[in-house]
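Structure first, then comments.
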Amino acid sequence: MGGKEEMKPYRRPVPNTWWLMRRSYFLFIVRELASVFVAAYSVFLLLVIYKLGQGPEAYEGMIELLRSPALIVFHLVVLAFAVYHSITWFNLTPKILVLFVGEVRVPPLLIAGAHYFAWLVLSALVAWVILRA
Amino acid sequence: MSKSNEPIWWSLFAAGGVVSAFFVPILIIIIGIVLPFGLVGDEPFVYERIHGAVSHPVTKLLLFFLIVLTFFIWAHRFRYTLVHMGLHKARSVISVFCYGSAIVGTILTAIILWQI
Amino acid sequence: MEKTMKLEIFRYRPDQEDQPRFQTYEVPFREDWVVLDAINYIKDEIDGTLSYRWSCRMGVCGSCGMMVNGIPKLTCATFLKDYYPDKIRVEPLTGFPVQRDLVIVMDDFIHKLREIKPWIIRREGEEKPIEGGEYLQTPAELEQYKQYSMCINCMLCYAACPVYALDNTFVGPAAIALAQRYNMDSRDQGRDQRQEIIASHEGIWECTFVGECSVVCPKAVDPAGAIQRSKVSSTIDWYKEVLIPWGGKKR
């Protein structure tokens, strides 16, 4: 009685929609798929650079295109996902970057905070370099 | 269990994650909002200035790393997302497709930046 | 009139039926009752056929883990009042096969736990004799791994992990966190042995950092952090081996 032969464990199937079942899973998938938008923006950036290489006229045409409502909407959407990528990335960094000062662990909030501060400084630097003319 | 070569892809992904977290949002803001709305005027964006700046070797190198690394964040994350959303049986095909696309993107980026 | 609450409990009795079903029980509502108290009440007063695991009732033994409204919880630390007056749905931990009712088959977890060698390993010939005394450790060295040593093997992290549920070959959060606990112990020299499993495809590389394992952990072990840190050190190992010809022969 009760031998292994008699056990018939029940296996619960995992639906392919598992990521819709919990908020945290959904936000995880959003975080992962934000990379699609970030990479798509790089493709767009390549196109801009390509046009730039083709001479002033092609470049001016690109600038004109950038002023179109469609491209402004495109930029706003991509920006939202890019910022989401940055925020989730910096929030998770303290889990990987574990520092000790003697016996005391540097608070995760301080490490995340340092990254946010660096983000601000680097963004300002990039803006200054590009826009200072 | 065999030792995995995953560290190649993971390190490219991790580097891309860091670099894009810091630099992609501000680039989108400048190109997609500041420029079209003329928030700082048109002078910074005149052809000669931008062309001169972008064709500088250092700028090319920075752009190369930024663009290429974002391809690898996509490849890595998209690969796992597809597998975990039910395409488990096609894992090898998905890996080849994702990292293959990123490598093609890398070559394209190199060519476009080279020619400018 | 006494306040009551409804519990919807996952039932699976392989000797009587092939498919599981839910059975609803009404139990008295008490401010100081946890879900486990309610289940014990059902077992004692309503239905003696209900099977489940429990022992210490104080969040130490790690045996009363169940899904409470879809979230893995220690039922001895989950209060009814946080759900009252709504119905509570209790299921066995997800990701594991169900033996009977709320009892899961944990063989896979126990096997993985043993595989990562969760004990202090000394190199051949470097083991101290008993008369040599203890291996000394500073408080700072203790802090490096102490967090990971708090694990009570309750398996909530496995139940929170979609990757493990999708693919049981994944070594999983608690086992990797425990491997990290010994790897980071200044007295241990067994990292290379554990890496065979940890650095494989079924080890850390299957993890996509969903992070839920750390959210549900009742002991703040942070398995997700342990896995990512292990990815960093395994990546450094890999580059050392590939780029430096003598790098593979370290330690």
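A note on labels: chains of the structure tokens are A, B, ... as shown, every chain counts residues from 1, and ligands are counted from 1 in their shown order.
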
Within 7 Å of chain A, which residues of chain C show up when using only C-alpha atoms, listed as a PDB file with C-alpha atoms, in the first residue's frame?
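Produced file iface11.pdb, reproduced below:
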ATOM      1  CA  PRO C  14      -6.016  10.546  -7.162  1.00  0.00           C
ATOM      2  CA  PRO C  97       3.122  18.291  -9.405  1.00  0.00           C
ATOM      3  CA  VAL C  98       0.304  17.783  -6.901  1.00  0.00           C
ATOM      4  CA  GLN C  99       0.387  14.628  -4.821  1.00  0.00           C
ATOM      5  CA  PRO C 139      32.018  39.645  10.940  1.00  0.00           C
ATOM      6  CA  ALA C 140      32.594  41.334   7.574  1.00  0.00           C
ATOM      7  CA  GLU C 143      27.948  39.593   6.207  1.00  0.00           C
ATOM      8  CA  ALA C 165       6.760  26.495 -13.990  1.00  0.00           C
ATOM      9  CA  LEU C 166       7.389  26.524 -17.744  1.00  0.00           C
ATOM     10  CA  VAL C 210      11.391  38.412 -13.309  1.00  0.00           C
ATOM     11  CA  GLY C 225      19.892  39.201  -6.660  1.00  0.00           C
ATOM     12  CA  GLN C 228      22.245  38.023 -11.185  1.00  0.00           C
ATOM     13  CA  ARG C 229      25.440  38.347  -9.142  1.00  0.00           C
TER      14      ARG C 229
END

Could the residues of chain A that have an atom at most 7 Å from chain B be listed as a Markdown table, each with its closest atom pair and the distance in Å to one decimal, counting only C-alpha atoms and ordered by chain and ascending residue number?
| residue | atom | partner | partner_atom | distance |
| --- | --- | --- | --- | --- |
| A:Asn16 | CA | B:Met85 | CA | 5.3 |
| A:Glu32 | CA | B:Arg77 | CA | 5.6 |
| A:Leu33 | CA | B:Phe78 | CA | 6.8 |
| A:Ser35 | CA | B:Trp74 | CA | 4.8 |
| A:Val36 | CA | B:Trp74 | CA | 5.7 |
| A:Val38 | CA | B:Thr70 | CA | 6.6 |
| A:Ala39 | CA | B:Thr70 | CA | 5.2 |
| A:Ser42 | CA | B:Ile67 | CA | 5.3 |
| A:Leu46 | CA | B:Thr109 | CA | 6.9 |
| A:Tyr50 | CA | B:Ile112 | CA | 6.1 |
| A:Leu52 | CA | B:His51 | CA | 6.6 |
| A:Gly53 | CA | B:Ile116 | CA | 4.7 |
| A:Pro56 | CA | B:Tyr47 | CA | 5.9 |
| A:Tyr59 | CA | B:Tyr47 | CA | 6.9 |
| A:Leu66 | CA | B:Pro36 | CA | 6.0 |
| A:Arg67 | CA | B:Pro36 | CA | 4.6 |
| A:Ile72 | CA | B:Gly32 | CA | 6.0 |
| A:His75 | CA | B:Gly32 | CA | 5.3 |
| A:Leu79 | CA | B:Pro25 | CA | 5.9 |
| A:Ala82 | CA | B:Pro25 | CA | 5.8 |
| A:Val83 | CA | B:Pro25 | CA | 6.0 |
| A:His85 | CA | B:Ala21 | CA | 6.3 |
| A:Ser86 | CA | B:Ala21 | CA | 4.1 |
| A:Trp89 | CA | B:Ala21 | CA | 6.8 |
| A:Trp119 | CA | B:Phe22 | CA | 5.3 |
| A:Ser123 | CA | B:Ile26 | CA | 5.6 |
| A:Ile130 | CA | B:Pro44 | CA | 7.0 |
| A:Leu131 | CA | B:Pro44 | CA | 5.4 |
| A:Arg132 | CA | B:Pro44 | CA | 7.0 |
| A:Ala133 | CA | B:Pro44 | CA | 5.1 |

For chain B, work out the contacting residues on chain C at 7 Å, counting only C-alpha atoms, and write them as number ranges by chain.
C: 196-197, 199-201, 205, 235, 238

Take the residues from that selection and put them in a file with C-alpha atoms, as a PDB file, in the first residue's frame.
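Now in result18.pdb:
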ATOM      1  CA  GLU C 196      29.250  22.807 -13.233  1.00  0.00           C
ATOM      2  CA  ILE C 197      25.562  23.136 -12.505  1.00  0.00           C
ATOM      3  CA  ALA C 199      26.970  28.015 -15.023  1.00  0.00           C
ATOM      4  CA  SER C 200      25.110  25.533 -17.243  1.00  0.00           C
ATOM      5  CA  HIS C 201      22.087  26.357 -19.399  1.00  0.00           C
ATOM      6  CA  TRP C 205      21.230  31.349 -17.679  1.00  0.00           C
ATOM      7  CA  THR C 235      30.706  35.923 -17.090  1.00  0.00           C
ATOM      8  CA  TRP C 238      34.184  32.867 -18.987  1.00  0.00           C
TER       9      TRP C 238
END

Find the residues around Cys56 of chain C up to 12 Å (only C-alpha atoms counted), leave out those fewer than 4 positions away in its own chain, and share them as a list of chain:residue names.
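Surrounding residues, per the criterion: C:Leu36, C:Val60, C:Cys61, C:Gly62, C:Ser63, C:Cys64, C:Gly65, C:Leu74, C:Thr75, C:Cys76, C:Ala77.
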
How would you write, as number ranges by chain, the set of residues in chain A that DSSP gives as strand (DSSP E or B)?
A: 10, 100-101, 104-105

Please produce a file of those selected residues containing C-alpha atoms, as a PDB file, in the first residue's frame.
ATOM      1  CA  TYR A  10      -1.380  15.905 -11.083  1.00  0.00           C
ATOM      2  CA  PHE A 100      30.113  46.710   1.543  1.00  0.00           C
ATOM      3  CA  VAL A 101      31.861  49.315   3.646  1.00  0.00           C
ATOM      4  CA  VAL A 104      27.828  47.450   6.523  1.00  0.00           C
ATOM      5  CA  ARG A 105      26.112  47.025   3.187  1.00  0.00           C
TER       6      ARG A 105
END

According to DSSP computed on the backbone, where in segment 6-63 of chain B is there alpha helix (DSSP H)? Give the residues as number ranges by chain.
B: 6-29, 47-54, 57-63

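The interatomic distance for the pair atom CA of Gln180 of chain C and atom CA of Glu241 of chain C works out to 20.7 Å.
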
Excluding Gly113 of chain A and its own-chain neighbours fewer than 3 positions away, which residues fall within 12 Å of it when counting only C-alpha atoms? Please give them as a tab-separated table (two decimals) with N, CA and C atoms, in the first residue's frame.
chain	number	residue	atom	x	y	z
A	87	ILE	N	14.32	53.31	-16.02
A	87	ILE	CA	13.87	53.24	-14.62
A	87	ILE	C	13.99	51.81	-14.09
A	90	PHE	N	17.73	50.91	-13.60
A	90	PHE	CA	18.37	51.51	-12.42
A	90	PHE	C	17.80	50.94	-11.12
A	91	ASN	N	16.51	50.63	-11.12
A	91	ASN	CA	15.93	50.07	-9.90
A	91	ASN	C	16.46	48.68	-9.58
A	92	LEU	N	16.84	47.94	-10.61
A	92	LEU	CA	17.33	46.58	-10.38
A	92	LEU	C	18.84	46.54	-10.14
A	93	THR	N	19.52	47.63	-10.52
A	93	THR	CA	20.99	47.64	-10.38
A	93	THR	C	21.48	47.31	-8.96
A	94	PRO	N	20.85	47.86	-7.90
A	94	PRO	CA	21.35	47.56	-6.55
A	94	PRO	C	21.32	46.08	-6.20
A	106	VAL	N	26.16	48.92	1.68
A	106	VAL	CA	25.72	50.23	1.19
A	106	VAL	C	24.23	50.09	0.84
A	107	PRO	N	23.37	50.99	1.37
A	107	PRO	CA	21.93	50.84	1.15
A	107	PRO	C	21.59	50.81	-0.34
A	108	PRO	N	20.74	49.85	-0.76
A	108	PRO	CA	20.35	49.75	-2.17
A	108	PRO	C	19.79	51.07	-2.71
A	109	LEU	N	19.07	51.81	-1.86
A	109	LEU	CA	18.50	53.07	-2.31
A	109	LEU	C	19.57	54.08	-2.71
A	110	LEU	N	20.68	54.05	-1.99
A	110	LEU	CA	21.78	54.97	-2.27
A	110	LEU	C	22.40	54.63	-3.64
A	116	TYR	N	20.51	57.33	-10.70
A	116	TYR	CA	19.58	58.36	-11.19
A	116	TYR	C	20.30	59.70	-11.33
A	117	PHE	N	21.16	59.99	-10.36
A	117	PHE	CA	21.90	61.24	-10.41
A	117	PHE	C	22.83	61.26	-11.63
A	118	ALA	N	23.52	60.14	-11.85
A	118	ALA	CA	24.43	60.03	-13.00
A	118	ALA	C	23.63	60.17	-14.31
A	119	TRP	N	22.45	59.61	-14.33
A	119	TRP	CA	21.56	59.69	-15.51
A	119	TRP	C	21.29	61.16	-15.84
A	120	LEU	N	20.95	61.92	-14.80
A	120	LEU	CA	20.64	63.34	-14.96
A	120	LEU	C	21.86	64.10	-15.48

Could you please determine the separation between atom CA of Leu136 of chain C and atom CA of Gln189 of chain C in Å, to one decimal place?
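Atom CA of Gln189 of chain C lies 14.3 Å from atom CA of Leu136 of chain C.
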
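Between atom CA of Phe13 of chain B and atom CA of Ala177 of chain C the separation is 22.6 Å.
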